[in-house]
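Note: the block below is query_4.pdb and it holds PDB, C-alpha atoms.
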```pdb
ATOM      1  CA  MET A   1      -8.652  -2.217   6.320  1.00  0.00           C
ATOM      2  CA  ALA A   2      -7.066  -1.127   3.057  1.00  0.00           C
ATOM      3  CA  HIS A   3      -4.696   1.778   3.239  1.00  0.00           C
ATOM      4  CA  LYS A   4      -5.783   4.848   1.287  1.00  0.00           C
ATOM      5  CA  ILE A   5      -3.101   6.523  -0.815  1.00  0.00           C
ATOM      6  CA  LEU A   6      -3.364   9.947  -2.441  1.00  0.00           C
ATOM      7  CA  VAL A   7      -1.474  10.132  -5.763  1.00  0.00           C
ATOM      8  CA  VAL A   8      -0.621  13.727  -6.680  1.00  0.00           C
ATOM      9  CA  ASP A   9       0.713  14.294 -10.188  1.00  0.00           C
ATOM     10  CA  ASP A  10      -0.177  16.699 -12.992  1.00  0.00           C
ATOM     11  CA  SER A  11       0.459  13.964 -15.603  1.00  0.00           C
ATOM     12  CA  PRO A  12      -2.639  11.820 -16.298  1.00  0.00           C
ATOM     13  CA  THR A  13      -0.327   9.027 -17.530  1.00  0.00           C
ATOM     14  CA  GLU A  14       1.690   9.033 -14.316  1.00  0.00           C
ATOM     15  CA  ARG A  15      -1.454   9.180 -12.163  1.00  0.00           C
ATOM     16  CA  PHE A  16      -2.924   6.215 -14.025  1.00  0.00           C
ATOM     17  CA  PHE A  17       0.314   4.185 -13.806  1.00  0.00           C
ATOM     18  CA  LEU A  18       0.660   4.735 -10.047  1.00  0.00           C
ATOM     19  CA  ALA A  19      -3.052   4.276  -9.279  1.00  0.00           C
ATOM     20  CA  ASP A  20      -3.223   1.061 -11.337  1.00  0.00           C
ATOM     21  CA  LEU A  21      -0.125  -0.364  -9.625  1.00  0.00           C
ATOM     22  CA  LEU A  22      -1.466   0.432  -6.143  1.00  0.00           C
ATOM     23  CA  VAL A  23      -5.035  -0.771  -6.727  1.00  0.00           C
ATOM     24  CA  LYS A  24      -3.667  -4.117  -7.964  1.00  0.00           C
ATOM     25  CA  ARG A  25      -1.825  -4.395  -4.627  1.00  0.00           C
ATOM     26  CA  GLY A  26      -5.004  -3.817  -2.638  1.00  0.00           C
ATOM     27  CA  TYR A  27      -4.630  -0.128  -1.810  1.00  0.00           C
ATOM     28  CA  THR A  28      -7.495   2.343  -2.090  1.00  0.00           C
ATOM     29  CA  VAL A  29      -6.376   5.212  -4.332  1.00  0.00           C
ATOM     30  CA  ILE A  30      -7.520   8.803  -4.650  1.00  0.00           C
ATOM     31  CA  THR A  31      -5.855  11.264  -6.996  1.00  0.00           C
ATOM     32  CA  ALA A  32      -5.170  14.968  -7.345  1.00  0.00           C
ATOM     33  CA  GLU A  33      -3.630  16.807 -10.277  1.00  0.00           C
ATOM     34  CA  ASN A  34      -2.234  19.859  -8.480  1.00  0.00           C
ATOM     35  CA  GLY A  35      -1.112  21.095  -5.099  1.00  0.00           C
ATOM     36  CA  ASP A  36      -4.298  22.915  -4.112  1.00  0.00           C
ATOM     37  CA  GLU A  37      -6.448  19.887  -4.893  1.00  0.00           C
ATOM     38  CA  ALA A  38      -3.955  17.675  -3.031  1.00  0.00           C
ATOM     39  CA  PHE A  39      -4.085  19.784   0.127  1.00  0.00           C
ATOM     40  CA  ALA A  40      -7.901  19.823   0.105  1.00  0.00           C
ATOM     41  CA  LYS A  41      -8.090  16.052  -0.443  1.00  0.00           C
ATOM     42  CA  VAL A  42      -5.628  15.295   2.360  1.00  0.00           C
ATOM     43  CA  LYS A  43      -7.760  17.382   4.741  1.00  0.00           C
ATOM     44  CA  ALA A  44     -11.015  15.753   3.572  1.00  0.00           C
ATOM     45  CA  GLU A  45      -9.944  12.140   2.965  1.00  0.00           C
ATOM     46  CA  ARG A  46      -7.169  11.562   5.565  1.00  0.00           C
ATOM     47  CA  PRO A  47      -5.077   9.180   3.416  1.00  0.00           C
ATOM     48  CA  SER A  48      -2.516   6.805   4.968  1.00  0.00           C
ATOM     49  CA  LEU A  49       0.152   8.162   2.620  1.00  0.00           C
ATOM     50  CA  VAL A  50       0.647  10.816  -0.072  1.00  0.00           C
ATOM     51  CA  LEU A  51       2.698  10.205  -3.246  1.00  0.00           C
ATOM     52  CA  MET A  52       3.720  13.733  -4.229  1.00  0.00           C
ATOM     53  CA  ASP A  53       5.048  14.971  -7.558  1.00  0.00           C
ATOM     54  CA  VAL A  54       7.216  18.101  -7.324  1.00  0.00           C
ATOM     55  CA  VAL A  55       6.777  19.965 -10.606  1.00  0.00           C
ATOM     56  CA  MET A  56       3.113  20.948 -10.995  1.00  0.00           C
ATOM     57  CA  PRO A  57       1.132  24.045 -11.963  1.00  0.00           C
ATOM     58  CA  GLY A  58       0.363  26.309  -9.012  1.00  0.00           C
ATOM     59  CA  GLN A  59       1.995  25.156  -5.795  1.00  0.00           C
ATOM     60  CA  SER A  60       4.957  22.816  -6.155  1.00  0.00           C
ATOM     61  CA  GLY A  61       5.092  19.492  -4.365  1.00  0.00           C
ATOM     62  CA  TYR A  62       7.680  21.051  -2.063  1.00  0.00           C
ATOM     63  CA  GLN A  63       5.243  23.786  -1.007  1.00  0.00           C
ATOM     64  CA  VAL A  64       2.363  21.364  -0.428  1.00  0.00           C
ATOM     65  CA  THR A  65       4.598  18.956   1.513  1.00  0.00           C
ATOM     66  CA  ARG A  66       5.816  21.801   3.722  1.00  0.00           C
ATOM     67  CA  ALA A  67       2.233  22.948   4.374  1.00  0.00           C
ATOM     68  CA  LEU A  68       1.112  19.389   5.221  1.00  0.00           C
ATOM     69  CA  SER A  69       4.083  18.734   7.503  1.00  0.00           C
ATOM     70  CA  ARG A  70       3.463  21.971   9.430  1.00  0.00           C
ATOM     71  CA  ASP A  71      -0.284  21.502   9.860  1.00  0.00           C
ATOM     72  CA  PRO A  72      -1.104  19.658  13.132  1.00  0.00           C
ATOM     73  CA  ASP A  73      -4.059  17.950  11.372  1.00  0.00           C
ATOM     74  CA  THR A  74      -1.917  16.439   8.627  1.00  0.00           C
ATOM     75  CA  GLN A  75       1.673  16.277   9.875  1.00  0.00           C
ATOM     76  CA  SER A  76       1.370  12.594  10.832  1.00  0.00           C
ATOM     77  CA  ILE A  77       0.515  11.601   7.224  1.00  0.00           C
ATOM     78  CA  PRO A  78       3.728  10.513   5.471  1.00  0.00           C
ATOM     79  CA  VAL A  79       4.619  12.110   2.133  1.00  0.00           C
ATOM     80  CA  LEU A  80       6.694  10.150  -0.385  1.00  0.00           C
ATOM     81  CA  MET A  81       8.010  12.373  -3.174  1.00  0.00           C
ATOM     82  CA  CYS A  82       7.966  10.851  -6.681  1.00  0.00           C
ATOM     83  CA  THR A  83       9.624  13.286  -9.053  1.00  0.00           C
ATOM     84  CA  SER A  84      11.799  13.695 -12.128  1.00  0.00           C
ATOM     85  CA  LYS A  85      14.048  16.060 -10.128  1.00  0.00           C
ATOM     86  CA  GLY A  86      16.948  13.725  -9.472  1.00  0.00           C
ATOM     87  CA  ASN A  87      19.712  15.926  -8.051  1.00  0.00           C
ATOM     88  CA  GLU A  88      20.897  15.251  -4.516  1.00  0.00           C
ATOM     89  CA  THR A  89      20.070  18.880  -3.614  1.00  0.00           C
ATOM     90  CA  ASP A  90      16.455  18.310  -4.780  1.00  0.00           C
ATOM     91  CA  ARG A  91      16.223  15.194  -2.608  1.00  0.00           C
ATOM     92  CA  ILE A  92      17.637  16.958   0.443  1.00  0.00           C
ATOM     93  CA  TRP A  93      15.281  19.908  -0.091  1.00  0.00           C
ATOM     94  CA  GLY A  94      12.280  17.554  -0.390  1.00  0.00           C
ATOM     95  CA  LEU A  95      13.201  15.807   2.865  1.00  0.00           C
ATOM     96  CA  ARG A  96      13.704  19.177   4.566  1.00  0.00           C
ATOM     97  CA  GLN A  97      10.134  20.132   3.573  1.00  0.00           C
ATOM     98  CA  GLY A  98       8.862  17.148   5.522  1.00  0.00           C
ATOM     99  CA  ALA A  99       8.852  14.290   2.996  1.00  0.00           C
ATOM    100  CA  ARG A 100       9.609  10.926   4.604  1.00  0.00           C
ATOM    101  CA  ASP A 101      11.247   9.567   1.450  1.00  0.00           C
ATOM    102  CA  TYR A 102      12.133  10.568  -2.111  1.00  0.00           C
ATOM    103  CA  LEU A 103      11.981   8.552  -5.354  1.00  0.00           C
ATOM    104  CA  VAL A 104      13.174   9.680  -8.772  1.00  0.00           C
ATOM    105  CA  LYS A 105      11.149   8.897 -11.915  1.00  0.00           C
ATOM    106  CA  PRO A 106      10.922   6.628 -13.741  1.00  0.00           C
ATOM    107  CA  ILE A 107       9.555   4.871 -10.673  1.00  0.00           C
ATOM    108  CA  ARG A 108      10.452   1.205 -10.239  1.00  0.00           C
ATOM    109  CA  PRO A 109       7.295  -0.549  -8.996  1.00  0.00           C
ATOM    110  CA  ASP A 110       9.120  -2.906  -6.610  1.00  0.00           C
ATOM    111  CA  GLU A 111      11.043  -0.055  -4.989  1.00  0.00           C
ATOM    112  CA  LEU A 112       7.903   2.087  -4.673  1.00  0.00           C
ATOM    113  CA  LEU A 113       5.846  -0.727  -3.126  1.00  0.00           C
ATOM    114  CA  SER A 114       8.599  -1.543  -0.663  1.00  0.00           C
ATOM    115  CA  LYS A 115       8.879   2.096   0.467  1.00  0.00           C
ATOM    116  CA  ILE A 116       5.090   2.412   0.770  1.00  0.00           C
ATOM    117  CA  ALA A 117       4.891  -0.778   2.837  1.00  0.00           C
ATOM    118  CA  GLY A 118       7.539   0.604   5.183  1.00  0.00           C
ATOM    119  CA  LEU A 119       5.779   3.947   5.580  1.00  0.00           C
ATOM    120  CA  VAL A 120       2.183   2.791   6.056  1.00  0.00           C
ATOM    121  CA  ALA A 121       3.157  -0.014   8.433  1.00  0.00           C
ATOM    122  CA  ALA A 122       5.069   2.380  10.708  1.00  0.00           C
TER     123      ALA A 122
END
```

As a first step, turn the structure in this file into structure tokens.
Amino acid sequence: MAHKILVVDDSPTERFFLADLLVKRGYTVITAENGDEAFAKVKAERPSLVLMDVVMPGQSGYQVTRALSRDPDTQSIPVLMCTSKGNETDRIWGLRQGARDYLVKPIRPDELLSKIAGLVAA
């Protein structure tokens, strides 16, 4: 069974890049462009993994990750943050919100795929 990955990013370009990369590797991809849509899709679709941007209109990726990690229905779904916020304090904060890993844009496809493989296989 193909793993389903939710790509959350307010940039259409970034969503397309990530979705295209993942589909070519055999993943099923669903997308959301903001935090509210992301939360609703996680509840409805039960993805294997969420790729979460941080800076978005409405709720930030940090807020959505915290909500997902505290909800008994969704806390087992790993969140991998993919963001332009590259400071160590941003990374630590993201992990404290419940993210399992943290990548800084621009995303390197090989690194992303390796991290995803480690998270969805676990």

> How many Å separate CA of Asp110 (chain A) from CA of Asp20 (chain A)?
Replying inline: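 These atoms are spaced 13.8 Å apart.
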
>> Which residue is closest to Tyr102 (chain A)? Choose from A:Val54, A:Cys82, A:Ala117, A:Val29 and count only C-alpha atoms.
In response: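 Among A:Val54, A:Cys82, A:Ala117, A:Val29, it is A:Cys82 that comes nearest to Tyr102 (chain A).
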
> At what distance in Å, to one decimal, does CA of Gly26 (chain A) lie from CA of Asp71 (chain A)?
Replying inline: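 CA of Gly26 (chain A) lies 28.6 Å from CA of Asp71 (chain A).
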
>> List the spatial neighbours of Arg108 (chain A) as an MDAnalysis selection string - criterion: any atom at most 12 Å away, only C-alpha atoms, same-chain residues fewer than 4 positions off excluded.
In response: chainID A and resid 17:18 21 82 103:104 112:115

> A:Lys43, A:Arg25, A:Arg91, A:Arg15: which is nearest Ile77 (chain A), counting all atoms listed in the file?
Replying inline: A:Lys43

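CA of Gly35 (chain A) to CA of Gln59 (chain A) spans 5.2 Å [interatomic distance, one decimal].
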
> Using only C-alpha atoms, which residues sit within 12 Å of Lys4 (chain A) once same-chain residues fewer than 5 positions away are excluded, as a count of residues only?
Replying inline: 23

Padding 5 Å on every side, please: axis-aligned box over the listed atoms of region 90-99 of chain A, centre and edge lengths to one decimal in Å, as AutoDock Vina command-line options.
```
--center_x 13.2 --center_y 17.2 --center_z 0.4 --size_x 18.8 --size_y 15.8 --size_z 20.3
```

> Contacts of Met56 (chain A) at 9 Å or less, counting all atoms listed in the file, minus same-chain residues fewer than 3 places along, as a list in words?
Replying inline: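 Here the qualifying residues turn out to be Asp9, Asp10, Ser11, Glu33, Asn34, Gly35, Asp53, Gln59, Ser60 and Gly61 of chain A.
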
Using the partial input, fill out region 96-107 of chain A with all heavy atoms; write the result as a CSV table (one decimal), in the frame of the given file.
```
chain,number,residue,atom,x,y,z
A,96,ARG,N,13.8,18.0,3.6
A,96,ARG,CA,13.7,19.2,4.6
A,96,ARG,C,12.3,19.8,4.6
A,96,ARG,O,11.9,20.4,5.6
A,96,ARG,CB,14.7,20.3,4.1
A,96,ARG,CG,16.1,20.0,4.5
A,96,ARG,CD,16.9,21.2,4.7
A,96,ARG,NE,18.2,20.9,5.0
A,96,ARG,CZ,19.3,21.5,4.5
A,96,ARG,NH1,19.2,22.4,3.5
A,96,ARG,NH2,20.5,21.1,4.9
A,97,GLN,N,11.5,19.6,3.6
A,97,GLN,CA,10.1,20.1,3.6
A,97,GLN,C,9.2,19.2,4.4
A,97,GLN,O,8.0,19.6,4.6
A,97,GLN,CB,9.6,20.3,2.1
A,97,GLN,CG,10.4,21.2,1.2
A,97,GLN,CD,10.9,22.4,1.9
A,97,GLN,OE1,10.1,23.2,2.4
A,97,GLN,NE2,12.2,22.6,2.0
A,98,GLY,N,9.7,18.0,4.7
A,98,GLY,CA,8.9,17.1,5.5
A,98,GLY,C,8.6,15.8,4.9
A,98,GLY,O,7.9,15.0,5.5
A,99,ALA,N,9.1,15.6,3.6
A,99,ALA,CA,8.9,14.3,3.0
A,99,ALA,C,9.6,13.2,3.8
A,99,ALA,O,10.7,13.5,4.3
A,99,ALA,CB,9.4,14.3,1.6
A,100,ARG,N,9.0,12.0,3.9
A,100,ARG,CA,9.6,10.9,4.6
A,100,ARG,C,10.6,10.2,3.7
A,100,ARG,O,11.5,9.5,4.2
A,100,ARG,CB,8.6,9.9,5.1
A,100,ARG,CG,7.5,10.5,6.0
A,100,ARG,CD,8.0,10.7,7.4
A,100,ARG,NE,7.0,11.4,8.2
A,100,ARG,CZ,6.0,10.8,8.8
A,100,ARG,NH1,5.9,9.5,8.8
A,100,ARG,NH2,5.1,11.5,9.5
A,101,ASP,N,10.3,10.2,2.4
A,101,ASP,CA,11.2,9.6,1.4
A,101,ASP,C,11.1,10.2,0.1
A,101,ASP,O,10.3,11.1,-0.1
A,101,ASP,CB,10.9,8.1,1.3
A,101,ASP,CG,12.2,7.2,1.1
A,101,ASP,OD1,13.1,7.7,0.6
A,101,ASP,OD2,12.1,6.1,1.6
A,102,TYR,N,12.0,9.9,-0.8
A,102,TYR,CA,12.1,10.6,-2.1
A,102,TYR,C,12.5,9.6,-3.2
A,102,TYR,O,13.5,8.9,-3.1
A,102,TYR,CB,13.2,11.6,-1.9
A,102,TYR,CG,13.3,12.7,-3.0
A,102,TYR,CD1,12.7,13.9,-2.8
A,102,TYR,CD2,14.0,12.5,-4.2
A,102,TYR,CE1,12.8,14.9,-3.8
A,102,TYR,CE2,14.0,13.4,-5.2
A,102,TYR,CZ,13.4,14.7,-5.0
A,102,TYR,OH,13.5,15.7,-5.9
A,103,LEU,N,11.7,9.4,-4.2
A,103,LEU,CA,12.0,8.6,-5.4
A,103,LEU,C,12.1,9.4,-6.6
A,103,LEU,O,11.3,10.3,-6.8
A,103,LEU,CB,10.9,7.5,-5.5
A,103,LEU,CG,10.8,6.4,-4.5
A,103,LEU,CD1,9.6,5.5,-4.8
A,103,LEU,CD2,12.1,5.5,-4.7
A,104,VAL,N,13.0,9.0,-7.5
A,104,VAL,CA,13.2,9.7,-8.8
A,104,VAL,C,12.5,8.9,-9.9
A,104,VAL,O,12.7,7.7,-10.0
A,104,VAL,CB,14.7,9.9,-9.0
A,104,VAL,CG1,14.9,10.6,-10.4
A,104,VAL,CG2,15.3,10.8,-7.9
A,105,LYS,N,11.8,9.5,-10.8
A,105,LYS,CA,11.1,8.9,-11.9
A,105,LYS,C,12.2,8.6,-12.9
A,105,LYS,O,13.2,9.3,-13.0
A,105,LYS,CB,10.1,9.8,-12.6
A,105,LYS,CG,8.9,10.1,-11.7
A,105,LYS,CD,8.0,11.1,-12.3
A,105,LYS,CE,6.8,11.5,-11.4
A,105,LYS,NZ,6.0,12.6,-12.0
A,106,PRO,N,12.1,7.5,-13.8
A,106,PRO,CA,10.9,6.6,-13.7
A,106,PRO,C,10.9,5.8,-12.5
A,106,PRO,O,11.9,5.2,-12.1
A,106,PRO,CB,11.1,5.8,-15.0
A,106,PRO,CG,12.6,5.8,-15.3
A,106,PRO,CD,13.1,7.2,-14.8
A,107,ILE,N,9.7,5.6,-11.9
A,107,ILE,CA,9.6,4.9,-10.7
A,107,ILE,C,9.6,3.4,-11.0
A,107,ILE,O,9.0,2.9,-11.9
A,107,ILE,CB,8.2,5.2,-10.1
A,107,ILE,CG1,8.0,6.7,-9.8
A,107,ILE,CG2,7.9,4.3,-8.8
A,107,ILE,CD1,9.0,7.2,-8.7
```
